[in-house]
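So this one's input06.cif, mmCIF, C-alpha atoms:
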data_my_file
#
loop_
_atom_site.group_PDB
_atom_site.id
_atom_site.type_symbol
_atom_site.label_atom_id
_atom_site.label_comp_id
_atom_site.auth_asym_id
_atom_site.auth_seq_id
_atom_site.Cartn_x
_atom_site.Cartn_y
_atom_site.Cartn_z
ATOM 1 C CA MET W 1 71.178 105.578 32.423
ATOM 2 C CA LEU W 2 72.141 102.557 30.327
ATOM 3 C CA ALA W 3 75.467 102.215 28.562
ATOM 4 C CA THR W 4 75.595 103.321 24.943
ATOM 5 C CA GLY W 5 74.688 100.402 22.727
ATOM 6 C CA ASP W 6 72.902 98.447 25.474
ATOM 7 C CA PRO W 7 70.366 96.272 23.618
ATOM 8 C CA PHE W 8 67.706 97.065 26.230
ATOM 9 C CA SER W 9 67.915 100.855 25.648
ATOM 10 C CA PRO W 10 65.047 101.059 23.094
ATOM 11 C CA ALA W 11 62.727 99.024 25.334
ATOM 12 C CA LEU W 12 63.608 101.126 28.402
ATOM 13 C CA ARG W 13 63.010 104.325 26.452
ATOM 14 C CA LYS W 14 59.617 103.053 25.281
ATOM 15 C CA ALA W 15 58.685 102.091 28.853
ATOM 16 C CA LEU W 16 59.718 105.448 30.322
ATOM 17 C CA LEU W 17 57.905 107.394 27.601
ATOM 18 C CA PHE W 18 54.676 105.413 28.036
ATOM 19 C CA ASN W 19 51.670 107.639 28.529
ATOM 20 C CA TYR W 20 47.947 107.535 28.027
ATOM 21 C CA ASP W 21 46.869 108.139 24.448
ATOM 22 C CA PRO W 22 45.166 111.570 24.463
ATOM 23 C CA ASN W 23 42.714 110.325 21.820
ATOM 24 C CA VAL W 24 41.219 107.719 24.169
ATOM 25 C CA THR W 25 37.747 108.777 25.214
ATOM 26 C CA HIS W 26 34.915 107.348 27.261
ATOM 27 C CA LYS W 27 32.739 104.947 25.279
ATOM 28 C CA PRO W 28 29.351 104.555 26.960
ATOM 29 C CA PRO W 29 27.696 101.145 26.688
ATOM 30 C CA ARG W 30 25.344 100.883 23.704
ATOM 31 C CA ASN W 31 21.603 100.446 23.946
ATOM 32 C CA GLU W 32 21.282 101.685 27.516
ATOM 33 C CA PRO W 33 18.539 104.319 27.376
ATOM 34 C CA VAL W 34 18.385 104.826 31.136
ATOM 35 C CA LEU W 35 21.474 104.851 33.295
ATOM 36 C CA PRO W 36 21.149 103.359 36.771
ATOM 37 C CA PRO W 37 22.130 105.635 39.680
ATOM 38 C CA ASP W 38 25.227 103.573 40.494
ATOM 39 C CA THR W 39 26.732 104.094 37.031
ATOM 40 C CA PRO W 40 30.244 105.562 37.090
ATOM 41 C CA PRO W 41 30.511 109.358 36.962
ATOM 42 C CA LEU W 42 32.011 109.079 33.470
ATOM 43 C CA SER W 43 28.554 108.138 32.192
ATOM 44 C CA PHE W 44 26.157 109.349 34.868
ATOM 45 C CA TYR W 45 26.844 113.051 35.228
ATOM 46 C CA ASP W 46 24.275 113.697 37.981
ATOM 47 C CA ARG W 47 26.162 111.467 40.387
ATOM 48 C CA HIS W 48 27.341 113.383 43.430
ATOM 49 C CA ILE W 49 30.607 112.514 45.123
ATOM 50 C CA ALA W 50 30.451 112.051 48.866
ATOM 51 C CA CYS W 51 32.141 114.810 50.883
ATOM 52 C CA ASN W 52 34.727 112.389 52.248
ATOM 53 C CA LEU W 53 35.791 111.443 48.690
ATOM 54 C CA VAL W 54 36.367 114.986 47.416
ATOM 55 C CA LEU W 55 39.884 116.411 47.432
ATOM 56 C CA LYS W 56 39.661 119.237 49.939
ATOM 57 C CA GLN W 57 43.165 120.595 49.671
ATOM 58 C CA LEU W 58 45.451 120.088 46.731
ATOM 59 C CA VAL W 59 49.120 120.986 47.091
ATOM 60 C CA TYR W 60 51.110 121.437 43.916
ATOM 61 C CA LEU W 61 54.599 119.961 44.166
ATOM 62 C CA PRO W 62 56.496 121.095 41.072
ATOM 63 C CA SER W 63 59.511 119.015 42.072
ATOM 64 C CA LEU W 64 57.595 115.714 42.402
ATOM 65 C CA SER W 65 57.994 114.501 38.809
ATOM 66 C CA HIS W 66 61.654 115.569 38.789
ATOM 67 C CA SER W 67 62.303 113.787 42.107
ATOM 68 C CA LEU W 68 60.619 110.580 40.928
ATOM 69 C CA SER W 69 62.518 110.700 37.627
ATOM 70 C CA LYS W 70 65.807 111.198 39.459
ATOM 71 C CA LEU W 71 65.015 108.291 41.798
ATOM 72 C CA CYS W 72 64.337 106.081 38.767
ATOM 73 C CA GLU W 73 67.574 107.185 37.065
ATOM 74 C CA ASN W 74 69.636 106.614 40.219
ATOM 75 C CA THR W 75 68.130 103.155 40.745
ATOM 76 C CA ILE W 76 68.825 102.103 37.155
ATOM 77 C CA GLU W 77 72.372 103.541 37.280
ATOM 78 C CA LYS W 78 73.116 101.663 40.517
ATOM 79 C CA PHE W 79 71.577 98.489 39.095
ATOM 80 C CA THR W 80 73.785 98.614 35.991
ATOM 81 C CA SER W 81 76.933 99.820 37.803
ATOM 82 C CA ASP W 82 76.621 96.759 40.070
ATOM 83 C CA GLY W 83 77.041 94.649 36.926
ATOM 84 C CA ASN W 84 73.374 93.771 36.463
ATOM 85 C CA LYS W 85 71.474 94.112 33.214
ATOM 86 C CA PHE W 86 67.908 94.108 32.001
ATOM 87 C CA TYR W 87 66.907 91.359 29.597
ATOM 88 C CA GLN W 88 64.566 91.842 26.660
ATOM 89 C CA GLN W 89 63.126 88.346 26.852
ATOM 90 C CA GLY W 90 59.703 88.478 28.466
ATOM 91 C CA PHE W 91 59.583 92.303 28.527
ATOM 92 C CA ARG W 92 56.172 93.452 27.264
ATOM 93 C CA ILE W 93 54.302 96.704 26.858
ATOM 94 C CA TYR W 94 50.586 96.448 26.093
ATOM 95 C CA PRO W 95 49.540 99.796 24.621
ATOM 96 C CA GLY W 96 46.391 98.295 23.107
ATOM 97 C CA ASN W 97 43.210 100.187 22.399
ATOM 98 C CA PRO W 98 41.484 100.627 25.747
ATOM 99 C CA ASP W 99 37.754 100.842 26.121
ATOM 100 C CA PHE W 100 37.122 103.191 29.050
ATOM 101 C CA LYS W 101 33.560 102.458 30.130
ATOM 102 C CA HIS W 102 33.931 102.985 33.882
ATOM 103 C CA ALA W 103 36.478 103.758 36.588
ATOM 104 C CA GLY W 104 37.560 100.115 36.771
ATOM 105 C CA SER W 105 38.585 100.108 33.103
ATOM 106 C CA VAL W 106 40.917 103.075 33.714
ATOM 107 C CA ARG W 107 42.444 101.209 36.670
ATOM 108 C CA ASP W 108 42.795 98.002 34.626
ATOM 109 C CA TYR W 109 44.525 99.902 31.797
ATOM 110 C CA TYR W 110 46.958 101.472 34.267
ATOM 111 C CA ILE W 111 47.685 98.141 35.986
ATOM 112 C CA ALA W 112 48.312 96.372 32.656
ATOM 113 C CA ASN W 113 50.640 99.098 31.400
ATOM 114 C CA ALA W 114 52.437 101.600 33.636
ATOM 115 C CA GLY W 115 51.679 99.769 36.880
ATOM 116 C CA SER W 116 52.879 96.403 35.639
ATOM 117 C CA LEU W 117 56.105 97.860 34.247
ATOM 118 C CA GLY W 118 56.718 99.871 37.404
ATOM 119 C CA HIS W 119 56.438 96.985 39.824
ATOM 120 C CA SER W 120 58.440 94.710 37.507
ATOM 121 C CA PHE W 121 61.296 97.238 37.343
ATOM 122 C CA ALA W 122 61.197 97.666 41.141
ATOM 123 C CA SER W 123 61.135 93.920 41.753
ATOM 124 C CA ILE W 124 64.086 93.272 39.438
ATOM 125 C CA ALA W 125 66.205 96.233 40.539
ATOM 126 C CA LEU W 126 65.621 95.810 44.271
ATOM 127 C CA LEU W 127 64.707 92.176 44.967
ATOM 128 C CA HIS W 128 66.162 89.820 42.341
ATOM 129 C CA PRO W 129 68.724 91.711 40.224
ATOM 130 C CA SER W 130 70.591 88.686 38.854
ATOM 131 C CA CYS W 131 67.487 86.869 37.617
ATOM 132 C CA PRO W 132 66.969 87.108 33.833
ATOM 133 C CA SER W 133 63.184 87.141 34.206
ATOM 134 C CA TRP W 134 60.554 89.887 34.067
ATOM 135 C CA ALA W 135 58.402 88.066 36.596
ATOM 136 C CA SER W 136 57.718 90.271 39.585
ATOM 137 C CA LEU W 137 57.556 89.480 43.284
ATOM 138 C CA LEU W 138 55.223 92.474 43.563
ATOM 139 C CA MET W 139 51.723 92.942 42.215
ATOM 140 C CA LEU W 140 49.021 95.578 42.024
ATOM 141 C CA HIS W 141 46.024 94.268 43.917
ATOM 142 C CA ASP W 142 42.426 95.365 43.547
ATOM 143 C CA PRO W 143 40.871 94.969 47.009
ATOM 144 C CA MET W 144 37.352 95.137 45.584
ATOM 145 C CA THR W 145 37.134 91.449 44.850
ATOM 146 C CA ARG W 146 33.346 91.545 45.021
ATOM 147 C CA ARG W 147 32.845 94.105 42.286
ATOM 148 C CA HIS W 148 29.194 93.187 41.776
ATOM 149 C CA GLU W 149 28.515 94.410 45.324
ATOM 150 C CA SER W 150 30.525 97.642 45.004
ATOM 151 C CA PRO W 151 29.443 100.779 43.161
ATOM 152 C CA PRO W 152 31.355 100.823 39.852
ATOM 153 C CA PHE W 153 32.678 104.349 40.400
ATOM 154 C CA LEU W 154 34.809 103.170 43.339
ATOM 155 C CA THR W 155 38.187 101.855 42.305
ATOM 156 C CA GLU W 156 41.596 101.444 43.846
ATOM 157 C CA ALA W 157 44.688 99.271 43.647
ATOM 158 C CA SER W 158 47.579 98.756 46.029
ATOM 159 C CA LEU W 159 51.125 97.470 45.655
ATOM 160 C CA GLN W 160 51.860 94.327 47.621
ATOM 161 C CA VAL W 161 54.093 91.259 47.673
ATOM 162 C CA ARG W 162 52.439 88.612 45.539
ATOM 163 C CA GLY W 163 50.982 85.448 47.020
ATOM 164 C CA TYR W 164 51.566 84.429 50.622
ATOM 165 C CA PRO W 165 55.323 84.796 51.239
ATOM 166 C CA GLU W 166 55.018 83.878 54.925
ATOM 167 C CA ASP W 167 53.818 80.428 53.765
ATOM 168 C CA GLY W 168 56.403 80.216 50.966
ATOM 169 C CA ASP W 169 53.698 80.596 48.296
ATOM 170 C CA LEU W 170 54.391 83.364 45.760
ATOM 171 C CA ASN W 171 51.299 82.420 43.768
ATOM 172 C CA PHE W 172 53.164 81.424 40.589
ATOM 173 C CA SER W 173 52.166 78.408 38.570
ATOM 174 C CA GLU W 174 54.944 75.809 38.426
ATOM 175 C CA GLU W 175 55.770 76.625 34.824
ATOM 176 C CA TYR W 176 55.208 80.388 35.077
ATOM 177 C CA ASP W 177 58.698 81.384 35.882
ATOM 178 C CA LYS W 178 61.276 78.756 36.643
ATOM 179 C CA ASP W 179 64.137 81.280 36.237
ATOM 180 C CA LEU W 180 62.744 83.501 38.981
ATOM 181 C CA MET W 181 62.202 80.668 41.439
ATOM 182 C CA GLU W 182 65.679 79.261 40.765
ATOM 183 C CA GLY W 183 67.152 82.763 41.133
ATOM 184 C CA LEU W 184 65.479 83.173 44.510
ATOM 185 C CA ASP W 185 66.972 79.879 45.677
ATOM 186 C CA GLY W 186 70.422 81.304 44.862
ATOM 187 C CA SER W 187 72.185 84.575 45.576
ATOM 188 C CA ASP W 188 69.118 86.856 45.384
ATOM 189 C CA ALA W 189 67.331 85.213 48.312
ATOM 190 C CA GLY W 190 69.703 86.556 50.980
#
Take the structure I supplied and represent it as structure tokens, if you would.
Amino acid sequence: MLATGDPFSPALRKALLFNYDPNVTHKPPRNEPVLPPDTPPLSFYDRHIACNLVLKQLVYLPSLSHSLSKLCENTIEKFTSDGNKFYQQGFRIYPGNPDFKHAGSVRDYYIANAGSLGHSFASIALLHPSCPSWASLLMLHDPMTRRHESPPFLTEASLQVRGYPEDGDLNFSEEYDKDLMEGLDGSDAG
């Protein structure tokens, strides 16, 4: 995908090989003798899933991972063949040591790792290829902003354009990413 000797190759390889650590396990909260009924299924095993939340028909698509991998390869090859390059500055992977206590912690781990890298790659490759920044015009959004009112076993996230683009507000702080904003004022904005 990248030219031999490209300084970004090791970082790209690490990003593409990212996976959940198989040794990560659920760690129930300490000193909770009785679990409330709205505890996530990871800790409250008697919790029943509503019929409308159960997968009723699962179709195995053996070609899905190959197709997604090929799409990623083609996008990166086009990006680099157009003369663009990925920069190491600002590129981060947060493997960390997650503490999976509920469904939201699994979502948060995904968003901070694979999700964040995925939308950053997409934003750079498709929206602002000449900008040397890893800031993304996309974000993973958790629509459950009132988590205290929602059962903790419900979790979701969706990909969306960050901020309020129709009002010209991308929800960046002024100092967050000057390179990105300047890049959007130039050739990438068209």
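Atom to atom, CA of Ser116 in chain W and CA of Leu61 in chain W stand 25.1 Å apart.
Checking W:Gln160, W:Asn74, W:Ser69, W:Gln88 one by one against Pro10 in chain W, counting only C-alpha atoms, you find the shortest gap at W:Gln88.
In this structure, CA of Leu71 in chain W sits 23.7 Å away from CA of His141 in chain W.
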note = From CA of Glu156 in chain W to CA of Arg92 in chain W the spacing works out at 23.5 Å
Find the axis-aligned box for range 68-82 of chain W, covering all its listed atoms and adding 6 Å on each side, and write its centre and edge lengths in Å to one decimal as lines of an AutoDock Vina configuration file.
center_x = 68.8
center_y = 104.0
center_z = 38.9
size_x = 28.3
size_y = 26.4
size_z = 17.8
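Minimum distance to Gly83 in chain W across W:Ala15, W:Leu2, W:Val59, W:Ala157 (counting only C-alpha atoms) occurs at W:Leu2.
Nearest residue to Ala114 in chain W, choosing from W:Leu138, W:Ile93, W:Leu159, W:Met1 and counting all atoms listed in the file: W:Ile93.
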query = Using all atoms listed in the file, what residues lie at most 8 Å away from (57.2, 104.2, 33.7) (file coordinates), given as a ChimeraX atom specification?
reply = /W:15-18,114-115,117-118
